[in-house]
Structure formats: structure tokens, C-alpha cells
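K.L.:
File follows, structure-v7.pdb with PDB, C-alpha atoms, pLDDT in the B column:
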ATOM      1  CA  MET E 192     204.284 215.924 106.595  1.00 73.00           C
ATOM      2  CA  GLN E 193     201.656 213.291 105.944  1.00 90.00           C
ATOM      3  CA  ILE E 194     197.972 214.031 106.529  1.00 95.00           C
ATOM      4  CA  ALA E 195     195.638 211.134 107.315  1.00 97.00           C
ATOM      5  CA  ASP E 196     192.009 211.641 106.324  1.00 97.00           C
ATOM      6  CA  LEU E 197     189.801 209.491 108.505  1.00 98.00           C
ATOM      7  CA  PHE E 198     186.651 210.238 106.506  1.00 97.00           C
ATOM      8  CA  ALA E 199     188.291 209.243 103.196  1.00 95.00           C
ATOM      9  CA  ASN E 200     188.740 205.810 101.672  1.00 93.00           C
ATOM     10  CA  VAL E 201     185.591 204.383 103.205  1.00 93.00           C
ATOM     11  CA  PRO E 202     184.622 201.458 100.958  1.00 91.00           C
ATOM     12  CA  ALA E 203     181.031 201.606  99.715  1.00 87.00           C
ATOM     13  CA  ASP E 204     180.849 197.841  99.980  1.00 88.00           C
ATOM     14  CA  LEU E 205     182.166 196.554 103.272  1.00 90.00           C
ATOM     15  CA  PRO E 206     181.736 192.801 103.716  1.00 90.00           C
ATOM     16  CA  ALA E 207     183.634 192.818 107.019  1.00 91.00           C
ATOM     17  CA  GLU E 208     184.709 195.513 109.457  1.00 92.00           C
ATOM     18  CA  LEU E 209     187.836 197.359 108.356  1.00 95.00           C
ATOM     19  CA  PHE E 210     190.715 197.818 110.823  1.00 96.00           C
ATOM     20  CA  GLU E 211     193.607 200.147 109.949  1.00 97.00           C
ATOM     21  CA  THR E 212     196.543 201.062 112.148  1.00 97.00           C
ATOM     22  CA  LEU E 213     197.264 204.786 111.949  1.00 97.00           C
ATOM     23  CA  LEU E 214     200.079 204.894 114.499  1.00 97.00           C
ATOM     24  CA  GLU E 215     201.941 202.258 116.476  1.00 97.00           C
ATOM     25  CA  THR E 216     204.612 202.565 119.146  1.00 96.00           C
ATOM     26  CA  GLU E 217     205.735 200.204 121.923  1.00 93.00           C
ATOM     27  CA  SER E 218     203.040 201.438 124.280  1.00 90.00           C
ATOM     28  CA  LEU E 219     200.343 202.840 122.028  1.00 97.00           C
ATOM     29  CA  ARG E 220     198.323 201.951 118.942  1.00 98.00           C
ATOM     30  CA  ILE E 221     195.809 204.171 117.155  1.00 98.00           C
ATOM     31  CA  GLU E 222     193.366 202.463 114.799  1.00 98.00           C
ATOM     32  CA  ARG E 223     190.576 203.554 112.520  1.00 98.00           C
ATOM     33  CA  ILE E 224     187.754 201.037 112.443  1.00 97.00           C
ATOM     34  CA  VAL E 225     184.939 201.225 109.894  1.00 97.00           C
ATOM     35  CA  SER E 226     181.680 199.337 110.417  1.00 95.00           C
ATOM     36  CA  HIS E 227     178.556 199.384 108.305  1.00 94.00           C
ATOM     37  CA  ALA E 228     175.619 197.592 109.931  1.00 93.00           C
ATOM     38  CA  HIS E 229     178.133 195.160 111.436  1.00 94.00           C
ATOM     39  CA  ALA E 230     177.866 193.667 114.887  1.00 94.00           C
ATOM     40  CA  SER E 231     179.951 191.148 116.787  1.00 93.00           C
ATOM     41  CA  GLU E 232     178.958 187.508 116.385  1.00 93.00           C
ATOM     42  CA  PRO E 233     176.160 186.643 118.847  1.00 92.00           C
ATOM     43  CA  ASP E 234     178.397 184.959 121.422  1.00 93.00           C
ATOM     44  CA  PHE E 235     181.612 186.826 120.689  1.00 96.00           C
ATOM     45  CA  TRP E 236     183.125 189.076 123.363  1.00 97.00           C
ATOM     46  CA  TYR E 237     186.288 191.143 123.010  1.00 97.00           C
ATOM     47  CA  ASP E 238     188.628 190.480 125.950  1.00 98.00           C
ATOM     48  CA  GLN E 239     191.748 192.588 125.418  1.00 97.00           C
ATOM     49  CA  ASP E 240     195.062 192.874 127.232  1.00 97.00           C
ATOM     50  CA  GLU E 241     195.167 196.586 126.388  1.00 97.00           C
ATOM     51  CA  HIS E 242     193.010 199.435 127.550  1.00 98.00           C
ATOM     52  CA  GLU E 243     190.980 200.969 124.729  1.00 98.00           C
ATOM     53  CA  TRP E 244     189.794 204.559 124.579  1.00 98.00           C
ATOM     54  CA  VAL E 245     187.340 204.667 121.700  1.00 98.00           C
ATOM     55  CA  LEU E 246     185.673 207.635 120.035  1.00 98.00           C
ATOM     56  CA  LEU E 247     182.867 207.479 117.505  1.00 98.00           C
ATOM     57  CA  LEU E 248     183.672 209.875 114.638  1.00 98.00           C
ATOM     58  CA  GLN E 249     180.657 209.153 112.434  1.00 97.00           C
ATOM     59  CA  GLY E 250     177.579 206.958 112.538  1.00 97.00           C
ATOM     60  CA  ALA E 251     175.931 205.321 115.535  1.00 98.00           C
ATOM     61  CA  ALA E 252     176.632 202.193 117.537  1.00 98.00           C
ATOM     62  CA  ARG E 253     175.534 200.197 120.535  1.00 98.00           C
ATOM     63  CA  LEU E 254     178.039 198.402 122.758  1.00 97.00           C
ATOM     64  CA  GLU E 255     177.336 195.696 125.292  1.00 97.00           C
ATOM     65  CA  LEU E 256     179.625 195.551 128.309  1.00 97.00           C
ATOM     66  CA  GLU E 257     179.753 192.581 130.596  1.00 96.00           C
ATOM     67  CA  GLY E 258     178.392 193.586 133.983  1.00 94.00           C
ATOM     68  CA  GLU E 259     176.334 196.475 132.616  1.00 93.00           C
ATOM     69  CA  SER E 260     172.595 195.865 132.473  1.00 92.00           C
ATOM     70  CA  GLU E 261     171.949 198.312 129.631  1.00 95.00           C
ATOM     71  CA  PRO E 262     173.786 198.610 126.307  1.00 96.00           C
ATOM     72  CA  ILE E 263     175.656 201.843 125.679  1.00 97.00           C
ATOM     73  CA  GLU E 264     174.601 203.862 122.672  1.00 97.00           C
ATOM     74  CA  LEU E 265     177.227 206.073 121.080  1.00 98.00           C
ATOM     75  CA  ARG E 266     176.815 208.808 118.508  1.00 97.00           C
ATOM     76  CA  ALA E 267     179.425 210.923 116.747  1.00 97.00           C
ATOM     77  CA  GLY E 268     181.680 212.763 119.175  1.00 97.00           C
ATOM     78  CA  GLN E 269     181.157 210.345 122.051  1.00 98.00           C
ATOM     79  CA  ALA E 270     183.962 208.359 123.634  1.00 98.00           C
ATOM     80  CA  ILE E 271     184.321 205.754 126.349  1.00 98.00           C
ATOM     81  CA  LEU E 272     187.185 203.981 128.048  1.00 97.00           C
ATOM     82  CA  LEU E 273     187.156 200.190 127.952  1.00 97.00           C
ATOM     83  CA  PRO E 274     189.667 199.000 130.561  1.00 97.00           C
ATOM     84  CA  ALA E 275     191.745 195.932 129.705  1.00 98.00           C
ATOM     85  CA  HIS E 276     189.691 192.759 130.106  1.00 98.00           C
ATOM     86  CA  GLN E 277     186.408 194.641 130.274  1.00 97.00           C
ATOM     87  CA  ARG E 278     184.566 192.174 128.082  1.00 98.00           C
ATOM     88  CA  HIS E 279     182.504 193.932 125.430  1.00 97.00           C
ATOM     89  CA  ARG E 280     180.851 193.390 122.084  1.00 97.00           C
ATOM     90  CA  VAL E 281     179.379 195.539 119.341  1.00 97.00           C
ATOM     91  CA  ALA E 282     175.644 194.905 119.491  1.00 96.00           C
ATOM     92  CA  TRP E 283     174.677 197.147 116.585  1.00 97.00           C
ATOM     93  CA  THR E 284     175.945 199.754 114.134  1.00 96.00           C
ATOM     94  CA  THR E 285     173.645 201.803 111.947  1.00 96.00           C
ATOM     95  CA  ALA E 286     172.863 200.732 108.379  1.00 95.00           C
ATOM     96  CA  GLU E 287     172.275 204.351 107.347  1.00 96.00           C
ATOM     97  CA  GLU E 288     175.937 205.274 106.955  1.00 95.00           C
ATOM     98  CA  SER E 289     179.373 203.961 107.764  1.00 96.00           C
ATOM     99  CA  THR E 290     180.300 204.079 111.421  1.00 97.00           C
ATOM    100  CA  ILE E 291     183.873 205.304 111.889  1.00 98.00           C
ATOM    101  CA  TRP E 292     185.658 204.649 115.170  1.00 98.00           C
ATOM    102  CA  LEU E 293     188.940 206.003 116.432  1.00 98.00           C
ATOM    103  CA  ALA E 294     190.460 203.561 118.903  1.00 98.00           C
ATOM    104  CA  VAL E 295     193.492 204.299 121.080  1.00 98.00           C
ATOM    105  CA  PHE E 296     194.916 201.129 122.616  1.00 98.00           C
ATOM    106  CA  TYR E 297     197.485 201.398 125.393  1.00 97.00           C
ATOM    107  CA  ARG E 298     198.971 199.446 128.287  1.00 93.00           C
TER     108      ARG E 298
ATOM    109  CA  MET V 177     180.660 203.598 132.377  1.00 74.00           C
ATOM    110  CA  GLN V 178     181.229 207.258 131.655  1.00 90.00           C
ATOM    111  CA  ILE V 179     180.638 208.682 128.188  1.00 95.00           C
ATOM    112  CA  ALA V 180     182.559 211.791 127.125  1.00 97.00           C
ATOM    113  CA  ASP V 181     180.882 213.969 124.521  1.00 97.00           C
ATOM    114  CA  LEU V 182     183.494 215.911 122.607  1.00 98.00           C
ATOM    115  CA  PHE V 183     180.944 218.037 120.753  1.00 97.00           C
ATOM    116  CA  ALA V 184     179.181 219.071 123.971  1.00 95.00           C
ATOM    117  CA  ASN V 185     180.072 221.855 126.398  1.00 93.00           C
ATOM    118  CA  VAL V 186     181.585 224.085 123.762  1.00 93.00           C
ATOM    119  CA  PRO V 187     181.370 227.620 125.206  1.00 90.00           C
ATOM    120  CA  ALA V 188     179.691 230.123 122.890  1.00 87.00           C
ATOM    121  CA  ASP V 189     182.094 232.776 124.120  1.00 87.00           C
ATOM    122  CA  LEU V 190     185.671 231.595 124.146  1.00 90.00           C
ATOM    123  CA  PRO V 191     188.160 234.308 125.105  1.00 89.00           C
ATOM    124  CA  ALA V 192     191.082 231.855 125.069  1.00 90.00           C
ATOM    125  CA  GLU V 193     191.616 228.367 123.697  1.00 92.00           C
ATOM    126  CA  LEU V 194     190.183 225.665 125.941  1.00 95.00           C
ATOM    127  CA  PHE V 195     192.346 222.655 126.902  1.00 96.00           C
ATOM    128  CA  GLU V 196     190.769 219.671 128.664  1.00 97.00           C
ATOM    129  CA  THR V 197     192.473 216.420 129.601  1.00 97.00           C
ATOM    130  CA  LEU V 198     190.244 213.447 128.784  1.00 97.00           C
ATOM    131  CA  LEU V 199     192.665 210.693 129.768  1.00 97.00           C
ATOM    132  CA  GLU V 200     196.093 210.674 131.376  1.00 97.00           C
ATOM    133  CA  THR V 201     198.468 207.816 132.119  1.00 96.00           C
ATOM    134  CA  GLU V 202     202.238 207.712 132.648  1.00 93.00           C
ATOM    135  CA  SER V 203     202.936 207.487 128.928  1.00 91.00           C
ATOM    136  CA  LEU V 204     199.862 208.993 127.295  1.00 97.00           C
ATOM    137  CA  ARG V 205     197.613 212.037 127.506  1.00 98.00           C
ATOM    138  CA  ILE V 206     194.473 212.668 125.452  1.00 98.00           C
ATOM    139  CA  GLU V 207     193.193 216.233 125.296  1.00 98.00           C
ATOM    140  CA  ARG V 208     190.296 218.029 123.709  1.00 98.00           C
ATOM    141  CA  ILE V 209     191.242 221.498 122.524  1.00 97.00           C
ATOM    142  CA  VAL V 210     188.639 224.039 121.402  1.00 97.00           C
ATOM    143  CA  SER V 211     189.619 227.065 119.334  1.00 95.00           C
ATOM    144  CA  HIS V 212     187.389 229.730 117.819  1.00 94.00           C
ATOM    145  CA  ALA V 213     189.233 232.052 115.480  1.00 93.00           C
ATOM    146  CA  HIS V 214     192.286 231.694 117.720  1.00 94.00           C
ATOM    147  CA  ALA V 215     195.848 231.515 116.512  1.00 94.00           C
ATOM    148  CA  SER V 216     199.176 231.316 118.274  1.00 93.00           C
ATOM    149  CA  GLU V 217     200.839 234.612 119.113  1.00 93.00           C
ATOM    150  CA  PRO V 218     202.834 235.875 116.118  1.00 92.00           C
ATOM    151  CA  ASP V 219     206.243 234.722 117.377  1.00 92.00           C
ATOM    152  CA  PHE V 220     205.097 231.804 119.505  1.00 96.00           C
ATOM    153  CA  TRP V 221     206.143 228.265 118.571  1.00 97.00           C
ATOM    154  CA  TYR V 222     205.170 225.085 120.392  1.00 97.00           C
ATOM    155  CA  ASP V 223     208.277 223.004 121.138  1.00 98.00           C
ATOM    156  CA  GLN V 224     207.140 219.908 123.013  1.00 97.00           C
ATOM    157  CA  ASP V 225     208.952 217.025 124.682  1.00 97.00           C
ATOM    158  CA  GLU V 226     206.116 214.688 123.674  1.00 97.00           C
ATOM    159  CA  HIS V 227     205.005 213.486 120.279  1.00 98.00           C
ATOM    160  CA  GLU V 228     201.533 214.745 119.381  1.00 98.00           C
ATOM    161  CA  TRP V 229     199.097 212.973 117.090  1.00 98.00           C
ATOM    162  CA  VAL V 230     196.356 215.498 116.441  1.00 98.00           C
ATOM    163  CA  LEU V 231     192.995 215.051 114.715  1.00 98.00           C
ATOM    164  CA  LEU V 232     190.620 217.819 113.734  1.00 98.00           C
ATOM    165  CA  LEU V 233     187.084 216.809 114.754  1.00 98.00           C
ATOM    166  CA  GLN V 234     185.269 219.974 113.672  1.00 97.00           C
ATOM    167  CA  GLY V 235     186.115 223.294 112.056  1.00 97.00           C
ATOM    168  CA  ALA V 236     189.172 224.203 110.025  1.00 98.00           C
ATOM    169  CA  ALA V 237     192.715 225.205 110.895  1.00 98.00           C
ATOM    170  CA  ARG V 238     196.072 226.060 109.436  1.00 98.00           C
ATOM    171  CA  LEU V 239     199.312 224.975 111.091  1.00 97.00           C
ATOM    172  CA  GLU V 240     202.798 226.269 110.444  1.00 97.00           C
ATOM    173  CA  LEU V 241     205.642 223.817 110.914  1.00 97.00           C
ATOM    174  CA  GLU V 242     209.236 224.926 111.133  1.00 96.00           C
ATOM    175  CA  GLY V 243     211.074 223.670 108.080  1.00 94.00           C
ATOM    176  CA  GLU V 244     207.955 223.394 105.923  1.00 93.00           C
ATOM    177  CA  SER V 245     207.571 226.075 103.290  1.00 92.00           C
ATOM    178  CA  GLU V 246     203.779 225.878 103.121  1.00 95.00           C
ATOM    179  CA  PRO V 247     201.283 225.923 105.994  1.00 96.00           C
ATOM    180  CA  ILE V 248     199.199 222.781 106.477  1.00 97.00           C
ATOM    181  CA  GLU V 249     195.450 223.184 106.235  1.00 97.00           C
ATOM    182  CA  LEU V 250     193.341 220.703 108.169  1.00 98.00           C
ATOM    183  CA  ARG V 251     189.618 220.057 107.955  1.00 97.00           C
ATOM    184  CA  ALA V 252     187.423 217.730 110.003  1.00 97.00           C
ATOM    185  CA  GLY V 253     188.632 214.143 109.912  1.00 98.00           C
ATOM    186  CA  GLN V 254     192.237 215.003 109.127  1.00 98.00           C
ATOM    187  CA  ALA V 255     195.133 214.112 111.393  1.00 98.00           C
ATOM    188  CA  ILE V 256     198.875 214.650 111.457  1.00 98.00           C
ATOM    189  CA  LEU V 257     201.740 213.544 113.640  1.00 97.00           C
ATOM    190  CA  LEU V 258     203.890 216.256 115.163  1.00 97.00           C
ATOM    191  CA  PRO V 259     207.074 214.570 116.406  1.00 97.00           C
ATOM    192  CA  ALA V 260     208.562 215.837 119.667  1.00 98.00           C
ATOM    193  CA  HIS V 261     210.399 219.132 119.138  1.00 98.00           C
ATOM    194  CA  GLN V 262     208.868 219.668 115.712  1.00 97.00           C
ATOM    195  CA  ARG V 263     208.264 223.365 116.269  1.00 98.00           C
ATOM    196  CA  HIS V 264     204.793 224.399 115.167  1.00 97.00           C
ATOM    197  CA  ARG V 265     202.184 227.084 115.642  1.00 97.00           C
ATOM    198  CA  VAL V 266     198.514 227.538 114.887  1.00 97.00           C
ATOM    199  CA  ALA V 267     198.385 230.127 112.114  1.00 96.00           C
ATOM    200  CA  TRP V 268     194.596 230.269 111.816  1.00 97.00           C
ATOM    201  CA  THR V 269     191.349 228.679 112.902  1.00 96.00           C
ATOM    202  CA  THR V 270     188.030 229.473 111.284  1.00 96.00           C
ATOM    203  CA  ALA V 271     185.709 232.105 112.749  1.00 95.00           C
ATOM    204  CA  GLU V 272     182.651 230.318 111.340  1.00 96.00           C
ATOM    205  CA  GLU V 273     182.419 227.655 114.030  1.00 95.00           C
ATOM    206  CA  SER V 274     184.412 226.237 116.900  1.00 96.00           C
ATOM    207  CA  THR V 275     187.389 224.146 115.876  1.00 97.00           C
ATOM    208  CA  ILE V 276     187.631 221.011 117.999  1.00 98.00           C
ATOM    209  CA  TRP V 277     190.919 219.096 118.161  1.00 98.00           C
ATOM    210  CA  LEU V 278     191.665 215.711 119.627  1.00 98.00           C
ATOM    211  CA  ALA V 279     195.315 215.546 120.652  1.00 98.00           C
ATOM    212  CA  VAL V 280     197.103 212.369 121.738  1.00 98.00           C
ATOM    213  CA  PHE V 281     200.436 213.156 123.430  1.00 98.00           C
ATOM    214  CA  TYR V 282     202.892 210.340 124.047  1.00 97.00           C
ATOM    215  CA  ARG V 283     206.576 209.672 124.663  1.00 93.00           C
TER     216      ARG V 283
END
Now that the file is in, can you turn its structure into C-alpha cells?
P.N.:
Amino acid sequence: MQIADLFANVPADLPAELFETLLETESLRIERIVSHAHASEPDFWYDQDEHEWVLLLQGAARLELEGESEPIELRAGQAILLPAHQRHRVAWTTAEESTIWLAVFYR
Amino acid sequence: MQIADLFANVPADLPAELFETLLETESLRIERIVSHAHASEPDFWYDQDEHEWVLLLQGAARLELEGESEPIELRAGQAILLPAHQRHRVAWTTAEESTIWLAVFYR
């Protein structure tokens, strides 16, 4: 029985965001994403075919969602659902520590 | 855009484990489970039709899995996959704080 430790193996130096697939089936994918002061490129928007339920496990982040006037600030323990094709971008993640996301993608 | 806070609304007095569905589709269900010094009944085993990927968000727990000689101890940030019909029970959760689980059930 294999235990995954989502707070382990967080690189001290993280030149780009780190995406790791923890589980993948035909209909479901669970990823750990690690950010450290990263944000999406200024004009980049995610536009995904899958729904994404995302939970912040550590750190702090701000998301911009197309059609929402205010950015959404997330702290550890907070989750939101991003429906497929809800365009969004990461506006900010804290520089104080690594931000660890758990993302569940599904169709 | 609705934010769920998995560390909020944790009852101080918890006579029984608390199960809350955060997301449900045809193929997927995400639950928050809160335990506080709870364990499964001595002869009770979960035997589920769905696979369960479970992550400990807070607290500490020990699981017994049929066919494994040693119990599995989980702390915050640790996750395991319980395949469908892998019989298992919660042997122990800490009395020091609430144990908060995130469980992703899928077929």
C-alpha cells in the first residue's frame, strides 16, 4: 500500500510550477501542483475541456476568473469548482512559502 | 463562485463522524469527513463498490487494511488509494484535534 505525501518533495528552488499526476483513470485525474510566487503569464488564460475542483493545501493564491469582477483569494483549506471552459488564470501566489494545490479534473 | 472552506465548520462536540458531500457527479463523489477520536466499531469493515482516494488534511489516523499485517498511519498531507472492495477500517484517530479527511470516490 503506497502512501503519497503531498507536503514532501517540494523543491526549494522552483523555476517553474511543478505538476504531478497522483492518480489517473479514464474519467478522473488528480494532480498536485506546486507554485512559489508564480503567476500565469499576463495574457494567459486556462481554458480546459475538463471540470477542475481545486483545493489549496498550503500557501495562498489569487485566481482571476473571466466574468468575475473581483479576483478570488484562496488560503489553505479552501476549494472552488472551475467548470470546463471557465477561463481563469493564477494572478498571484505567495512568495513566503510554497503554495500546494490539489486539483481533481473530471469530465 | 462559491468557496468551500474545509477547515471551517468543524463542530467542537462531535458525537459521531461527520460526512459531507462537497461534489457529486455520475462517476465521482468528493466528501469531507471529520473524525475526533473516532474509530470504526471493533468488527466493522468498510467494503465499498467504489475506489476511494483519501487524503488526510489535518490530524492523525491509523487504518487497518485486510491482508496487510501492519496498520497504516497517516498524518496531514498523506494520501492512499483504497481500491474497491479493499476491506478497511479506521483503527484510531487522534484525540488531540479533529482529523479532517478528503475522500474522492470513483468507479
K.L.:
List the residues selected by the PyMOL selection byres ((chain E) within 6 of (chain V)) in the file shown, writing them as a compact mmCIF listing (two decimals) with C-alpha atoms, in the frame of the given file.
P.N.:
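What follows is the written file result.txt:
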# COMPACT_ATOMS: atom_id res chain seq x y z
CA ILE E 194 197.97 214.03 106.53
CA ALA E 195 195.64 211.13 107.32
CA ASP E 196 192.01 211.64 106.32
CA LEU E 197 189.80 209.49 108.50
CA PHE E 198 186.65 210.24 106.51
CA GLY E 268 181.68 212.76 119.18
CA GLN E 269 181.16 210.34 122.05
CA ALA E 270 183.96 208.36 123.63
CA ILE E 271 184.32 205.75 126.35
K.L.:
Near Ser211 in chain V, counting all atoms listed in the file, which residues have an atom at most 10 Å away, once you skip same-chain residues fewer than 3 positions from it, shown as a list in words?
P.N.:
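With the cut-off at 10 Å, the set is Val186, Leu190, Pro191, Ala192, Glu193, Leu194, Phe195, His214, Ala215, Gly235, Ala236, Ala237, Val266, Trp268, Thr269, Thr270, Ala271, Glu273, Ser274, Thr275, Ile276 and Trp277 of chain V.
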K.L.:
Generate the output file for the selected residues, C-alpha atoms, as a PDB file, in the frame of the given file.
P.N.:
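The resulting part33.pdb:
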ATOM      1  CA  VAL V 186     181.585 224.085 123.762  1.00 93.00           C
ATOM      2  CA  LEU V 190     185.671 231.595 124.146  1.00 90.00           C
ATOM      3  CA  PRO V 191     188.160 234.308 125.105  1.00 89.00           C
ATOM      4  CA  ALA V 192     191.082 231.855 125.069  1.00 90.00           C
ATOM      5  CA  GLU V 193     191.616 228.367 123.697  1.00 92.00           C
ATOM      6  CA  LEU V 194     190.183 225.665 125.941  1.00 95.00           C
ATOM      7  CA  PHE V 195     192.346 222.655 126.902  1.00 96.00           C
ATOM      8  CA  HIS V 214     192.286 231.694 117.720  1.00 94.00           C
ATOM      9  CA  ALA V 215     195.848 231.515 116.512  1.00 94.00           C
ATOM     10  CA  GLY V 235     186.115 223.294 112.056  1.00 97.00           C
ATOM     11  CA  ALA V 236     189.172 224.203 110.025  1.00 98.00           C
ATOM     12  CA  ALA V 237     192.715 225.205 110.895  1.00 98.00           C
ATOM     13  CA  VAL V 266     198.514 227.538 114.887  1.00 97.00           C
ATOM     14  CA  TRP V 268     194.596 230.269 111.816  1.00 97.00           C
ATOM     15  CA  THR V 269     191.349 228.679 112.902  1.00 96.00           C
ATOM     16  CA  THR V 270     188.030 229.473 111.284  1.00 96.00           C
ATOM     17  CA  ALA V 271     185.709 232.105 112.749  1.00 95.00           C
ATOM     18  CA  GLU V 273     182.419 227.655 114.030  1.00 95.00           C
ATOM     19  CA  SER V 274     184.412 226.237 116.900  1.00 96.00           C
ATOM     20  CA  THR V 275     187.389 224.146 115.876  1.00 97.00           C
ATOM     21  CA  ILE V 276     187.631 221.011 117.999  1.00 98.00           C
ATOM     22  CA  TRP V 277     190.919 219.096 118.161  1.00 98.00           C
TER      23      TRP V 277
END
K.L.:
Do you have the CA of Pro202 in chain E-CA of Glu215 in chain E distance handy?
P.N.:
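The value is 23.3 Å.
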K.L.:
Would you mind listing what lies within 10 Å of Thr212 in chain E as a ChimeraX atom specification, with all atoms listed in the file counted and same-chain residues fewer than 6 positions away left out?
P.N.:
/E:220-224,294-295
K.L.:
Using Å and a single decimal, report how far CA of Gln262 in chain V sits from CA of Glu242 in chain V.
P.N.:
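CA of Glu242 in chain V sits 7.0 Å away from CA of Gln262 in chain V.
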